[in-house]
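Worksheet: the structure to be examined is printed underneath.
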Amino acid sequence: MSFNIAIDGPSGVGKSTIAKKLARDLNFVYIDTGAMFRGLAVYFLENNLDIDDEIAICDAVEQARETIDYVDGEQHVFVNGVDVTDKLRTEAVSRAASVTSQYIPVRKKLLEMQREMAEIQDVIMDGRDIGTVVLPNAHLKIYMVARPEVQAQRRYDQLKESGKLADATFESILADIRERDYRDSHRENAPLRKADDAFEIDTSDFTIEEVLNKIKEHFERTRGESENA
């Protein structure tokens, strides 16, 4: 039987960084669901679609086939056979993913694939609704948060390091994060929220290793309870 770990929270709290390291340490498969939504967002933008036109987006998603594969040990996202990994982390794609992920056909298309992955292997998934919608029966659920200013600084540093900062400033990124987090937590379909049985961790003042150790403690305890059930 597979063991599933769900990690949720807004952007800039360290979900992907923690999930990747945890997957390596536990020998689990890491599935970045946010990257999957971003992959579709790249497809929509490159086809010059208006992301606010729900009908056009829902029609277009039927023509998109998304797959995940590992290249040199790193997860890559392919849409219709094209590797879009290097295009996933721009601010335009972030906003497009946040908007289009609200549309039910978009979420439904990815939901089925994500659940199929979790049924056959030990996985760690991170996103915004993994513990509440995608994997409601996950054995361990973690909800990560951070102060908005910390989220923005991490995002700013990430864009600067990758050379994708362009005209973005700390202030514009902070405003965008606040807008996106509000939109994600107030959307009607699968809103961002903490699952009732999730452990919450504020990562603002902790190192990556400290957060990892906290999650591993929860993992060992939860796995023990699962084996003894």
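We label chains A, B, ... in the order they appear in the structure tokens, count residues from 1 in each chain, and number ligands from 1 in the order shown.
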Checklist entry - Leaving out A:Ile124 and any residue of its chain fewer than 2 positions from it, which residues lie within 9 Å of it when counting only C-alpha atoms, given as a list of chain:residue names? => result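 Answer for this query is A:Phe3, A:Asn4, A:Ile5, A:Ala6, A:Ile7, A:Ala19, A:Lys20, A:Leu22, A:Ala23, A:Phe28, A:Val29, A:Tyr30, A:Ile31, A:Asp32, A:Ala118, A:Asp122, A:Asp126.
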Next on the checklist: Residues near stretch 188-204 of chain A, anyone? I mean within 6 Å using only C-alpha atoms, not counting same-chain ones fewer than 5 positions away, as a PyMOL selection string.
Outcome noted: chain A and resi 128-129+131-132+141-146
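In terms of minimum interatomic distance to A:Gly127, A:Leu111 ranks closest within A:Leu111, A:Ile68, A:Arg221, A:Val82, counting only C-alpha atoms.
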Item to check | Selected residue of minimal separation from A:Arg180 among A:Asp86, A:Glu54, A:Glu91, A:Asp72, counting only C-alpha atoms | outcome: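 Smallest separation from A:Arg180 among the options: A:Glu91.
Between A:Ser2 and the residues A:Thr222, A:Gln121, A:Asn80, A:Asn137, the shortest atom-to-atom distance, using only C-alpha atoms, involves A:Gln121.
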